[in-house]
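Engineer: Pasting final.txt below, which is compact mmCIF, C-alpha atoms and all ligand atoms.
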# COMPACT_ATOMS: atom_id res chain seq x y z
CA PRO A 1009 11.31 -58.40 -333.79
CA LEU A 1010 7.64 -59.29 -334.30
CA VAL A 1011 7.59 -61.84 -337.13
CA LEU A 1012 4.75 -63.69 -338.84
CA GLY A 1013 5.48 -67.05 -340.47
CA ILE A 1014 3.48 -68.89 -343.13
CA GLU A 1015 3.92 -72.64 -343.77
CA THR A 1016 2.27 -74.57 -346.65
CA SER A 1017 4.94 -77.05 -347.81
CA CYS A 1018 2.90 -80.21 -347.29
CA ASP A 1019 -0.55 -80.85 -345.78
CA GLU A 1020 -0.47 -78.32 -342.92
CA THR A 1021 -1.55 -74.70 -343.35
CA GLY A 1022 0.23 -72.88 -340.54
CA VAL A 1023 0.50 -69.25 -339.50
CA GLY A 1024 2.64 -68.44 -336.47
CA ILE A 1025 3.61 -65.17 -334.82
CA VAL A 1026 6.65 -64.73 -332.58
CA ARG A 1027 8.32 -61.85 -330.79
CA GLY A 1028 12.02 -62.73 -330.47
CA HIS A 1029 11.97 -66.24 -328.93
CA THR A 1030 8.43 -65.86 -327.60
CA LEU A 1031 5.56 -67.66 -329.30
CA LEU A 1032 2.47 -65.45 -329.52
CA ALA A 1033 0.29 -67.47 -331.90
CA ASP A 1034 0.38 -70.81 -333.69
CA ALA A 1035 -2.72 -71.29 -335.86
CA LEU A 1036 -2.99 -74.51 -337.84
CA ALA A 1037 -5.39 -76.12 -340.31
CA SER A 1038 -4.60 -79.62 -341.58
CA SER A 1039 -5.89 -81.48 -344.62
CA VAL A 1040 -4.59 -84.79 -343.20
CA ASP A 1041 -8.13 -86.27 -342.97
CA GLN A 1042 -8.70 -85.63 -346.68
CA HIS A 1043 -5.61 -87.72 -347.52
CA ALA A 1044 -6.34 -90.61 -345.15
CA ARG A 1045 -8.25 -92.74 -347.64
CA PHE A 1046 -5.35 -92.46 -350.13
CA GLY A 1047 -2.79 -93.56 -347.50
CA GLY A 1048 -0.57 -90.55 -348.25
CA VAL A 1049 -0.65 -86.85 -349.07
CA VAL A 1050 -2.23 -86.07 -352.48
CA PRO A 1051 -0.57 -82.87 -353.81
CA GLU A 1052 -3.63 -81.44 -355.63
CA VAL A 1053 -5.84 -82.00 -352.59
CA ALA A 1054 -3.25 -80.32 -350.35
CA SER A 1055 -2.96 -77.24 -352.61
CA ARG A 1056 -6.72 -76.71 -352.73
CA ALA A 1057 -6.99 -77.11 -348.95
CA HIS A 1058 -4.25 -74.48 -348.41
CA LEU A 1059 -6.14 -72.08 -350.67
CA GLU A 1060 -9.29 -72.47 -348.58
CA ALA A 1061 -7.57 -72.43 -345.17
CA LEU A 1062 -4.94 -69.72 -345.54
CA VAL A 1063 -6.94 -66.53 -344.98
CA PRO A 1064 -8.96 -67.87 -342.01
CA THR A 1065 -5.78 -69.30 -340.45
CA MET A 1066 -4.08 -65.91 -340.89
CA GLN A 1067 -7.01 -64.20 -339.15
CA ARG A 1068 -6.92 -66.68 -336.27
CA ALA A 1069 -3.18 -66.15 -335.73
CA LEU A 1070 -3.50 -62.35 -335.64
CA THR A 1071 -6.43 -62.56 -333.21
CA GLU A 1072 -4.61 -65.08 -331.01
CA ALA A 1073 -1.51 -62.84 -330.83
CA GLY A 1074 -3.63 -59.70 -330.35
CA VAL A 1075 -1.80 -57.84 -333.13
CA THR A 1076 -2.62 -56.48 -336.58
CA LEU A 1077 -0.65 -56.88 -339.79
CA ALA A 1078 0.54 -53.28 -339.39
CA ASP A 1079 2.36 -54.24 -336.14
CA ILE A 1080 4.39 -57.00 -337.84
CA ASP A 1081 8.09 -56.27 -338.57
CA ALA A 1082 8.60 -58.99 -341.20
CA ILE A 1083 6.79 -61.84 -342.93
CA ALA A 1084 8.55 -65.20 -343.35
CA VAL A 1085 7.25 -67.94 -345.62
CA THR A 1086 8.41 -71.45 -346.50
CA SER A 1087 9.99 -71.18 -349.95
CA GLY A 1088 10.95 -74.88 -350.04
CA PRO A 1089 11.56 -77.76 -350.07
CA GLY A 1090 8.10 -79.30 -350.35
CA LEU A 1091 5.22 -79.88 -352.75
CA ALA A 1092 5.44 -77.29 -355.54
CA GLY A 1093 1.73 -76.46 -355.73
CA ALA A 1094 1.35 -76.33 -351.96
CA LEU A 1095 4.38 -74.04 -351.56
CA LEU A 1096 3.04 -71.70 -354.25
CA VAL A 1097 -0.12 -70.98 -352.25
CA GLY A 1098 1.86 -69.85 -349.19
CA VAL A 1099 4.44 -67.89 -351.18
CA ALA A 1100 1.77 -66.07 -353.21
CA ALA A 1101 -0.22 -65.22 -350.07
CA ALA A 1102 2.90 -63.99 -348.24
CA LYS A 1103 3.79 -61.74 -351.18
CA GLY A 1104 0.27 -60.33 -351.19
CA TYR A 1105 0.37 -59.52 -347.47
CA ALA A 1106 3.93 -58.13 -347.70
CA LEU A 1107 3.03 -55.89 -350.62
CA ALA A 1108 -0.25 -54.68 -349.09
CA ALA A 1109 1.24 -53.96 -345.66
CA GLU A 1110 4.66 -52.83 -347.00
CA LYS A 1111 6.63 -55.37 -344.96
CA PRO A 1112 9.94 -57.11 -345.72
CA ILE A 1113 9.55 -60.76 -346.75
CA TYR A 1114 11.87 -63.74 -346.07
CA GLY A 1115 11.54 -66.91 -348.16
CA VAL A 1116 12.95 -69.57 -345.83
CA ASN A 1117 14.05 -73.20 -345.87
CA HIS A 1118 11.53 -75.58 -344.29
CA LEU A 1119 14.22 -77.86 -342.80
CA ALA A 1120 16.12 -74.98 -341.22
CA ALA A 1121 12.76 -73.87 -339.75
CA HIS A 1122 12.38 -77.32 -338.11
CA VAL A 1123 15.73 -76.57 -336.42
CA ALA A 1124 14.86 -72.97 -335.48
CA VAL A 1125 11.55 -73.83 -333.79
CA ASP A 1126 13.29 -75.28 -330.73
CA THR A 1127 14.35 -71.78 -329.59
CA LEU A 1128 10.66 -71.06 -328.86
CA GLU A 1129 10.71 -73.78 -326.24
CA HIS A 1130 14.31 -73.99 -324.96
CA GLY A 1131 15.88 -70.63 -325.88
CA PRO A 1132 18.89 -70.13 -328.17
CA LEU A 1133 20.41 -73.37 -329.49
CA PRO A 1134 24.02 -73.90 -328.36
CA GLU A 1135 26.06 -74.08 -331.58
CA PRO A 1136 27.60 -76.19 -332.96
CA ALA A 1137 24.83 -78.76 -332.58
CA VAL A 1138 23.75 -81.85 -334.47
CA ALA A 1139 20.16 -81.77 -335.72
CA MET A 1140 18.30 -84.93 -336.64
CA LEU A 1141 15.23 -84.13 -338.76
CA VAL A 1142 12.85 -87.04 -339.12
CA SER A 1143 9.50 -86.59 -340.84
CA GLY A 1144 7.30 -88.06 -343.55
CA GLY A 1145 9.51 -86.57 -346.26
CA HIS A 1146 12.96 -86.36 -344.66
CA SER A 1147 15.43 -88.21 -342.47
CA SER A 1148 18.64 -86.20 -342.18
CA LEU A 1149 21.53 -85.60 -339.83
CA LEU A 1150 22.83 -82.04 -340.03
CA LEU A 1151 25.68 -80.13 -338.45
CA VAL A 1152 24.50 -76.70 -337.33
CA ASP A 1153 27.39 -74.28 -336.85
CA ASP A 1154 25.52 -71.02 -337.35
CA LEU A 1155 21.96 -71.50 -338.50
CA THR A 1156 21.87 -68.12 -340.28
CA ASN A 1157 24.66 -69.34 -342.60
CA GLY A 1158 23.11 -72.68 -343.52
CA VAL A 1159 23.64 -76.20 -342.25
CA THR A 1160 26.03 -78.97 -343.31
CA PRO A 1161 24.42 -82.28 -344.27
CA LEU A 1162 26.14 -85.26 -342.55
CA GLY A 1163 23.82 -87.94 -343.87
CA ALA A 1164 20.28 -88.74 -344.98
CA THR A 1165 18.04 -91.63 -345.88
CA ILE A 1166 19.00 -93.44 -349.08
CA ASP A 1167 15.40 -94.65 -349.59
CA ASP A 1168 12.30 -94.15 -347.39
CA ALA A 1169 12.04 -91.43 -344.74
CA ALA A 1170 11.45 -92.58 -341.15
CA GLY A 1171 7.90 -91.18 -341.07
CA GLU A 1172 7.19 -92.80 -344.43
CA ALA A 1173 8.24 -96.16 -342.92
CA PHE A 1174 5.81 -95.59 -340.01
CA ASP A 1175 3.06 -94.72 -342.49
CA LYS A 1176 3.70 -97.74 -344.75
CA VAL A 1177 3.98 -100.24 -341.90
CA ALA A 1178 0.78 -98.87 -340.31
CA ARG A 1179 -0.96 -99.32 -343.63
CA LEU A 1180 0.11 -102.96 -343.96
CA LEU A 1181 -1.01 -103.61 -340.38
CA GLY A 1182 -4.38 -102.00 -341.19
CA LEU A 1183 -3.87 -99.24 -338.60
CA GLY A 1184 -4.69 -96.22 -340.82
CA PHE A 1185 -2.93 -92.94 -341.70
CA PRO A 1186 -0.87 -91.16 -340.47
CA GLY A 1187 0.95 -94.19 -339.10
CA GLY A 1188 3.33 -92.63 -336.57
CA PRO A 1189 0.90 -91.72 -333.79
CA VAL A 1190 -1.11 -94.97 -334.04
CA ILE A 1191 2.01 -97.20 -334.06
CA ASP A 1192 3.37 -95.21 -331.10
CA ARG A 1193 0.12 -95.93 -329.18
CA THR A 1194 -0.19 -99.57 -330.30
CA ALA A 1195 3.47 -100.29 -329.46
CA LYS A 1196 2.85 -99.45 -325.79
CA GLU A 1197 0.86 -102.72 -325.48
CA GLY A 1198 3.58 -104.80 -327.21
CA ASP A 1199 7.03 -106.26 -326.51
CA ARG A 1200 9.76 -104.38 -328.40
CA ARG A 1201 12.14 -107.35 -328.03
CA SER A 1202 9.73 -109.94 -329.43
CA ILE A 1203 10.77 -109.74 -333.12
CA ALA A 1204 14.33 -109.01 -334.35
CA PHE A 1205 13.74 -106.72 -337.35
CA PRO A 1206 16.79 -105.54 -339.38
CA ARG A 1207 18.76 -102.37 -338.51
CA GLY A 1208 19.50 -100.77 -341.91
CA LEU A 1209 23.04 -99.56 -342.75
CA THR A 1210 24.58 -100.62 -339.44
CA ALA A 1211 26.71 -103.57 -340.64
CA PRO A 1212 30.46 -102.78 -340.67
CA LYS A 1213 30.62 -102.78 -344.50
CA ASP A 1214 27.65 -100.35 -344.70
CA LEU A 1215 29.06 -98.08 -342.00
CA ALA A 1216 32.20 -97.50 -344.09
CA ALA A 1217 30.24 -95.75 -346.86
CA HIS A 1218 27.05 -94.78 -345.00
CA ARG A 1219 28.05 -94.00 -341.42
CA PHE A 1220 25.43 -91.22 -341.04
CA ASP A 1221 22.92 -92.39 -343.65
CA PHE A 1222 19.69 -94.27 -343.04
CA SER A 1223 17.72 -96.93 -344.90
CA PHE A 1224 14.19 -97.95 -343.90
CA SER A 1225 12.85 -99.68 -346.99
CA GLY A 1226 14.43 -103.05 -346.10
CA LEU A 1227 12.85 -102.83 -342.65
CA LYS A 1228 9.42 -102.16 -344.15
CA THR A 1229 9.84 -105.20 -346.45
CA ALA A 1230 10.99 -107.36 -343.50
CA VAL A 1231 7.82 -106.42 -341.57
CA ALA A 1232 5.66 -107.22 -344.62
CA ARG A 1233 7.34 -110.64 -345.07
CA TRP A 1234 6.99 -111.45 -341.37
CA VAL A 1235 3.27 -110.59 -341.38
CA GLU A 1236 2.69 -112.58 -344.60
CA ALA A 1237 4.38 -115.65 -343.11
CA ARG A 1238 2.09 -115.52 -340.05
CA GLU A 1239 -0.99 -115.17 -342.23
CA ARG A 1240 0.13 -118.06 -344.46
CA ASP A 1241 0.42 -120.27 -341.37
CA GLY A 1242 -3.09 -119.20 -340.35
CA GLU A 1243 -1.75 -117.59 -337.18
CA PRO A 1244 -3.06 -114.27 -335.80
CA VAL A 1245 -0.75 -111.28 -336.32
CA PRO A 1246 0.35 -109.83 -332.95
CA ILE A 1247 -0.15 -106.21 -334.01
CA ALA A 1248 1.19 -104.69 -330.79
CA ASP A 1249 4.39 -106.80 -330.81
CA VAL A 1250 5.02 -106.07 -334.50
CA SER A 1251 4.46 -102.33 -333.89
CA ALA A 1252 6.76 -102.27 -330.86
CA SER A 1253 9.53 -104.28 -332.57
CA PHE A 1254 9.32 -102.18 -335.77
CA GLN A 1255 9.39 -98.93 -333.77
CA GLU A 1256 12.38 -100.20 -331.79
CA ALA A 1257 14.30 -100.96 -335.00
CA VAL A 1258 13.70 -97.41 -336.30
CA CYS A 1259 14.50 -95.69 -333.00
CA ASP A 1260 17.57 -97.84 -332.34
CA VAL A 1261 19.21 -96.86 -335.63
CA LEU A 1262 18.16 -93.19 -335.47
CA THR A 1263 19.51 -92.63 -331.96
CA ALA A 1264 22.71 -94.65 -332.46
CA LYS A 1265 23.66 -92.71 -335.59
CA ALA A 1266 22.65 -89.32 -334.14
CA ILE A 1267 24.86 -89.84 -331.09
CA ASP A 1268 27.70 -91.14 -333.25
CA ALA A 1269 27.39 -87.92 -335.29
CA CYS A 1270 27.61 -85.79 -332.13
CA ARG A 1271 30.69 -87.66 -330.90
CA ALA A 1272 32.41 -87.60 -334.31
CA ASN A 1273 31.98 -83.81 -334.45
CA GLY A 1274 32.71 -83.08 -330.79
CA VAL A 1275 29.19 -81.69 -330.34
CA GLY A 1276 27.38 -81.59 -326.98
CA THR A 1277 23.84 -80.86 -328.15
CA LEU A 1278 21.49 -83.05 -330.17
CA LEU A 1279 18.32 -81.45 -331.49
CA ILE A 1280 15.57 -83.70 -332.81
CA GLY A 1281 12.81 -82.27 -335.01
CA GLY A 1282 10.20 -83.26 -337.60
CA GLY A 1283 7.01 -85.25 -337.04
CA VAL A 1284 8.77 -88.46 -335.95
CA ALA A 1285 10.39 -86.52 -333.08
CA ALA A 1286 6.95 -86.77 -331.46
CA ASN A 1287 7.59 -90.52 -331.04
CA SER A 1288 7.64 -91.42 -327.35
CA ARG A 1289 10.17 -94.27 -327.65
CA LEU A 1290 12.54 -92.13 -329.74
CA ARG A 1291 12.57 -89.50 -327.02
CA VAL A 1292 13.31 -91.99 -324.23
CA LEU A 1293 16.01 -93.88 -326.13
CA ALA A 1294 17.74 -90.66 -327.27
CA GLU A 1295 17.83 -89.33 -323.69
CA GLU A 1296 19.12 -92.64 -322.32
CA ARG A 1297 21.92 -92.99 -324.83
CA ALA A 1298 22.92 -89.30 -324.92
CA ALA A 1299 23.20 -89.16 -321.12
CA LYS A 1300 25.95 -91.80 -321.25
CA HIS A 1301 28.09 -89.40 -323.31
CA GLY A 1302 27.16 -86.15 -321.58
CA ILE A 1303 25.16 -84.99 -324.60
CA GLU A 1304 22.11 -82.77 -324.08
CA VAL A 1305 19.01 -83.74 -326.08
CA ARG A 1306 16.54 -81.07 -327.12
CA VAL A 1307 13.17 -82.07 -328.50
CA PRO A 1308 10.42 -79.47 -328.88
CA ARG A 1309 6.90 -80.40 -327.77
CA PRO A 1310 5.00 -82.52 -330.34
CA GLN A 1311 2.89 -79.64 -331.78
CA LEU A 1312 6.12 -77.81 -332.65
CA CYS A 1313 7.77 -80.94 -334.12
CA THR A 1314 5.20 -81.45 -336.89
CA ASP A 1315 4.80 -78.80 -339.59
CA ASN A 1316 3.50 -75.44 -338.31
CA GLY A 1317 3.74 -71.69 -338.92
CA ALA A 1318 5.56 -70.92 -335.67
CA MET A 1319 8.72 -72.65 -336.92
CA VAL A 1320 8.81 -70.40 -339.98
CA ALA A 1321 8.28 -67.32 -337.80
CA ALA A 1322 11.05 -68.52 -335.43
CA LEU A 1323 13.54 -68.79 -338.30
CA GLY A 1324 12.42 -65.42 -339.69
CA SER A 1325 12.93 -63.85 -336.29
CA ARG A 1326 16.47 -65.28 -336.10
CA LEU A 1327 17.30 -63.93 -339.59
CA VAL A 1328 15.94 -60.46 -338.81
CA ALA A 1329 17.86 -60.36 -335.51
CA ALA A 1330 21.07 -61.39 -337.34
CA GLY A 1331 20.63 -58.58 -339.86
CA VAL A 1332 20.17 -60.91 -342.84
CA ALA A 1333 18.75 -59.07 -345.87
CA PRO A 1334 15.14 -59.86 -346.81
CA SER A 1335 14.32 -61.76 -350.01
CA ARG A 1336 13.09 -60.00 -353.13
CA LEU A 1337 9.35 -59.81 -353.71
CA ASP A 1338 9.74 -62.12 -356.73
CA LEU A 1339 11.14 -64.94 -354.55
CA PRO A 1340 10.31 -68.41 -355.89
CA ALA A 1341 8.57 -71.44 -354.46
CA ASP A 1342 11.46 -73.90 -354.75
CA SER A 1343 10.35 -77.50 -354.25
CA ALA A 1344 13.99 -78.67 -354.19
CA MET A 1345 15.49 -75.82 -352.13
CA PRO A 1346 18.95 -77.01 -350.97
CA LEU A 1347 19.97 -77.17 -347.32
CA THR A 1348 22.80 -74.73 -347.93
CA ALA A 1349 20.20 -71.96 -348.47
CA VAL A 1350 18.51 -70.95 -345.21
CA SER A 1351 16.67 -68.12 -346.92
CA VAL A 1352 16.26 -66.84 -350.47
CA ALA A 1353 18.98 -64.24 -351.03
CA GLY A 1354 17.83 -60.60 -351.42
P1 LIG B 1401 7.94 -82.83 -344.37
O1 LIG B 1401 8.64 -84.13 -344.45
O2 LIG B 1401 8.02 -82.03 -345.62
O3 LIG B 1401 8.35 -82.04 -343.19
P2 LIG B 1401 5.52 -84.08 -343.31
O4 LIG B 1401 4.12 -83.62 -343.31
O5 LIG B 1401 5.76 -85.48 -343.61
O6 LIG B 1401 6.38 -83.13 -344.25
P3 LIG B 1401 5.64 -83.70 -340.45
O7 LIG B 1401 4.29 -83.09 -340.38
O8 LIG B 1401 6.75 -83.04 -339.71
O9 LIG B 1401 6.18 -83.81 -341.89
O10 LIG B 1401 5.57 -85.21 -339.96
C1 LIG B 1401 4.59 -86.14 -340.31
C2 LIG B 1401 5.18 -87.53 -340.17
O11 LIG B 1401 5.50 -87.78 -338.79
C3 LIG B 1401 4.25 -88.66 -340.60
O12 LIG B 1401 4.96 -89.58 -341.37
C4 LIG B 1401 3.81 -89.28 -339.26
O13 LIG B 1401 3.51 -90.66 -339.37
C5 LIG B 1401 5.02 -89.05 -338.41
N1 LIG B 1401 4.70 -89.03 -336.97
C6 LIG B 1401 3.85 -88.21 -336.30
N2 LIG B 1401 3.75 -88.56 -335.00
C7 LIG B 1401 4.57 -89.65 -334.82
C8 LIG B 1401 4.91 -90.50 -333.72
N3 LIG B 1401 4.37 -90.31 -332.51
N4 LIG B 1401 5.78 -91.51 -333.95
C9 LIG B 1401 6.33 -91.71 -335.16
N5 LIG B 1401 6.04 -90.96 -336.25
C10 LIG B 1401 5.19 -89.94 -336.08
MG MG B 1402 2.62 -82.93 -342.14
FE FE B 1403 8.24 -80.70 -342.08
Can I see the file as structure tokens?
Ligand code: ATP
Ligand code: MG
Ligand code: FE

Structural biologist:
Amino acid sequence: PLVLGIETSCDETGVGIVRGHTLLADALASSVDQHARFGGVVPEVASRAHLEALVPTMQRALTEAGVTLADIDAIAVTSGPGLAGALLVGVAAAKGYALAAEKPIYGVNHLAAHVAVDTLEHGPLPEPAVAMLVSGGHSSLLLVDDLTNGVTPLGATIDDAAGEAFDKVARLLGLGFPGGPVIDRTAKEGDRRSIAFPRGLTAPKDLAAHRFDFSFSGLKTAVARWVEARERDGEPVPIADVSASFQEAVCDVLTAKAIDACRANGVGTLLIGGGVAANSRLRVLAEERAAKHGIEVRVPRPQLCTDNGAMVAALGSRLVAAGVAPSRLDLPADSAMPLTAVSVAG
């Protein structure tokens, strides 16, 4: 099927078009620069930016794919989870296009779309698989048995998301926003073994209750204390070493728990998605550790890991192919959409 996907859950306005597993267009407009001076995404600013960017982004996607709205078999749109106002812009636009062009509409789950996007790069995902989604808003381990039926949460962060930790640590190091890419670059000049930062929820007593959960807020505080102590002593802060050691602490815990989740569930495929999956050290460490247990690691290319419209189209395409009924035209924008719902029921 030829499916168009619309994504507006956070600060990226994305429109993607796919045919089956083939990506035809992936148009993106980001309001990330408008949030930089606030050090995080401002919901009202994001909603307004979506409103301005959506129609031009839609036009670009159709041109890029060389198709018209009339050619499209179905329209998929992120129904949730995400920022309520931002989601509303995409959902309202999708309804307008669906109504005008008389197309079925699928309101889909943003997290399930992060899982589905990998098919555009590596083909169908062998199921069952474990998916680790790590972004600015989420850090979850999921068991994927049949994506069209929903996913089973295995664990999640109990405080900050992994990307949020990157953003907060970058801010305290004066590196700017978003923090992930700049820490990734800065860390390349540093020694990841130079500072022993804490590995959250990995002590035996924590593992008993939180085997597949994450915690990054203690790590962020440890970095802040370490930097403060240096400054108090009048010593320069070795930004590259701090970045590399912080990044290592995050990647160490993420990969160890993801592989433990695969082994505990007898799963041979680990999929990593979300913006933090773009991290170069995370990719290397995951590959290294998975190889020891014969586990295949799948990570889509960085542009597909961060929020985009193609991921929504990819999930829509999977739902259409599986014969899942479309959503009703009065489908909601659901900022707290649960993981058990892959799409809004018809
Ligand atoms: P949501 O959580 O709802 O998916 P989001 O906008 O936070 O929304 P993404 O766009 O997938 O999600 O990811 C953005 C996050 O990924 C930011 O926190 C950013 O710092 C982080 N990130 C991006 N590139 C890297 C990288 N190379 N290393 C580490 N983190 C990264
Ligand atoms: Mg984003
Ligand atoms: Fe996302």

Engineer: What's around Leu1062 in chain A at 9 Å? Count only C-alpha atoms, leave out sequence neighbours fewer than 3 positions away in its own chain, and write the answer as a PyMOL selection string.

Structural biologist: chain A and resi 1014+1016+1021-1023+1037+1057-1059+1065-1067+1097-1098+1101

Engineer: Could you give me, as a list in words, the residues within 7 Å of Thr1127 in chain A, counting only C-alpha atoms and dropping anything in the same chain fewer than 5 positions from it?

Structural biologist: His1029, Pro1132 and Leu1133 of chain A

Engineer: Taking all atoms listed in the file into account, which residues are within 6 Å of ligand LIG 1401 (chain B), as a list in words?

Structural biologist: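 So, counting all atoms listed in the file, the residues near ligand LIG 1401 (chain B) are Cys1018, Asp1019, Gly1090, Ser1143, Gly1144, Gly1145, His1146, Gly1171, Glu1172, Phe1174, Asp1175, Pro1186, Gly1187, Gly1188, Pro1189, Asp1192, Gly1282, Gly1283, Val1284, Ala1286, Asn1287, Thr1314 and Asp1315 of chain A.
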
Engineer: Rank nothing, just name the residue among A:Leu1070, A:Val1026, A:Ala1353, A:Ala1094 nearest to ligand MG 1402 (chain B), using all atoms listed in the file.

Structural biologist: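 The shortest atom-to-atom distance to ligand MG 1402 (chain B) comes from A:Ala1094.
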
Engineer: How far is it from CA of Val1123 in chain A to CA of Arg1179 in chain A, in Å with one decimal?

Structural biologist: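 Separating CA of Val1123 in chain A from CA of Arg1179 in chain A is a distance of 29.1 Å.
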
Engineer: Report the distance between CA of Phe1222 in chain A and CA of Ser1017 in chain A in Å, rounded to one decimal place.

Structural biologist: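 Answer for the CA of Phe1222 in chain A to CA of Ser1017 in chain A separation: 23.2 Å.
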
Engineer: Considering only C-alpha atoms and all ligand atoms, can you say which of A:Val1142, A:Ala1195, A:Leu1215, A:Leu1290 comes closest to ligand MG 1402 (chain B)?

Structural biologist: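 Looking at the shortest contact to ligand MG 1402 (chain B), the residue is A:Val1142.
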
Engineer: Measuring between only C-alpha atoms, which one of A:Ala1248, A:Leu1278, A:Leu1036, A:Leu1180 shows the shortest distance to Ala1230 in chain A?

Structural biologist: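 Checking each candidate against Ala1230 in chain A, we get A:Leu1180 as the closest.
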
Engineer: Taking into account only C-alpha atoms, which residue in the set A:Gly1131, A:Gly1115, A:Pro1212, A:Gly1281 is nearest to Leu1031 in chain A?

Structural biologist: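 Smallest separation from Leu1031 in chain A among the options: A:Gly1131.
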
Engineer: Restricting the calculation to all atoms listed in the file, which member of A:Gly1048, A:Gly1093, A:Gly1024, A:Pro1134 is positioned closest to ligand MG 1402 (chain B)?

Structural biologist: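 Checking each candidate against ligand MG 1402 (chain B), we get A:Gly1048 as the closest.
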
Engineer: CA of Val1250 in chain A and CA of Ala1204 in chain A, how far apart in Å?

Structural biologist: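 Between CA of Ala1204 in chain A and CA of Val1250 in chain A the gap works out to 9.8 Å.
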
Engineer: Ranking A:Thr1030, A:Thr1194, A:Ser1039, A:Ser1223 by minimum distance to ligand MG 1402 (chain B) and counting only C-alpha atoms and all ligand atoms, which one comes first?

Structural biologist: A:Ser1039

Engineer: Select, counting only C-alpha atoms, all protein, DNA and RNA residues no farther than 8 Å from (17.0, -83.8, -330.4) in file coordinates, and express the selection as a PDB file with C-alpha atoms, in the coordinates of the input.

Structural biologist:
ATOM      1  CA  ALA A1139      20.160 -81.770-335.720  1.00  0.00           C
ATOM      2  CA  MET A1140      18.300 -84.930-336.640  1.00  0.00           C
ATOM      3  CA  THR A1277      23.840 -80.860-328.150  1.00  0.00           C
ATOM      4  CA  LEU A1278      21.490 -83.050-330.170  1.00  0.00           C
ATOM      5  CA  LEU A1279      18.320 -81.450-331.490  1.00  0.00           C
ATOM      6  CA  ILE A1280      15.570 -83.700-332.810  1.00  0.00           C
ATOM      7  CA  GLY A1281      12.810 -82.270-335.010  1.00  0.00           C
ATOM      8  CA  ALA A1285      10.390 -86.520-333.080  1.00  0.00           C
ATOM      9  CA  ARG A1291      12.570 -89.500-327.020  1.00  0.00           C
ATOM     10  CA  ALA A1294      17.740 -90.660-327.270  1.00  0.00           C
ATOM     11  CA  VAL A1305      19.010 -83.740-326.080  1.00  0.00           C
ATOM     12  CA  ARG A1306      16.540 -81.070-327.120  1.00  0.00           C
ATOM     13  CA  VAL A1307      13.170 -82.070-328.500  1.00  0.00           C
TER      14      VAL A1307
END

Engineer: Skip range 1320-1333 of chain A itself and residues of its chain fewer than 2 positions away, then list as a PDB file with C-alpha atoms, in the coordinates of the input all residues within 7 Å of it, counting all atoms listed in the file.

Structural biologist:
ATOM      1  CA  PRO A1009      11.310 -58.400-333.790  1.00  0.00           C
ATOM      2  CA  VAL A1011       7.590 -61.840-337.130  1.00  0.00           C
ATOM      3  CA  LEU A1012       4.750 -63.690-338.840  1.00  0.00           C
ATOM      4  CA  GLY A1013       5.480 -67.050-340.470  1.00  0.00           C
ATOM      5  CA  ILE A1014       3.480 -68.890-343.130  1.00  0.00           C
ATOM      6  CA  GLU A1015       3.920 -72.640-343.770  1.00  0.00           C
ATOM      7  CA  GLY A1024       2.640 -68.440-336.470  1.00  0.00           C
ATOM      8  CA  ILE A1025       3.610 -65.170-334.820  1.00  0.00           C
ATOM      9  CA  VAL A1026       6.650 -64.730-332.580  1.00  0.00           C
ATOM     10  CA  GLY A1028      12.020 -62.730-330.470  1.00  0.00           C
ATOM     11  CA  HIS A1029      11.970 -66.240-328.930  1.00  0.00           C
ATOM     12  CA  ALA A1084       8.550 -65.200-343.350  1.00  0.00           C
ATOM     13  CA  VAL A1085       7.250 -67.940-345.620  1.00  0.00           C
ATOM     14  CA  THR A1086       8.410 -71.450-346.500  1.00  0.00           C
ATOM     15  CA  TYR A1114      11.870 -63.740-346.070  1.00  0.00           C
ATOM     16  CA  ALA A1121      12.760 -73.870-339.750  1.00  0.00           C
ATOM     17  CA  ALA A1124      14.860 -72.970-335.480  1.00  0.00           C
ATOM     18  CA  VAL A1125      11.550 -73.830-333.790  1.00  0.00           C
ATOM     19  CA  THR A1156      21.870 -68.120-340.280  1.00  0.00           C
ATOM     20  CA  GLY A1317       3.740 -71.690-338.920  1.00  0.00           C
ATOM     21  CA  ALA A1318       5.560 -70.920-335.670  1.00  0.00           C
ATOM     22  CA  SER A1335      14.320 -61.760-350.010  1.00  0.00           C
ATOM     23  CA  GLY A1354      17.830 -60.600-351.420  1.00  0.00           C
TER      24      GLY A1354
END

Engineer: If you count all atoms listed in the file, which residues fall within 10 Å of Pro1206 in chain A, apart from same-chain ones fewer than 3 positions away, as a list in words?

Structural biologist: Ile1203, Leu1209, Thr1210, Phe1224, Gly1226, Leu1227, Lys1228, Thr1229, Ala1230, Val1231, Phe1254, Ala1257, Val1258 and Val1261 of chain A

Engineer: Do you know which residues are at most 6 Å from range 1073-1077 of chain A counting all atoms listed in the file, after dropping those on the same chain fewer than 3 positions away, and could you put them as a count of residues only?

Structural biologist: 4
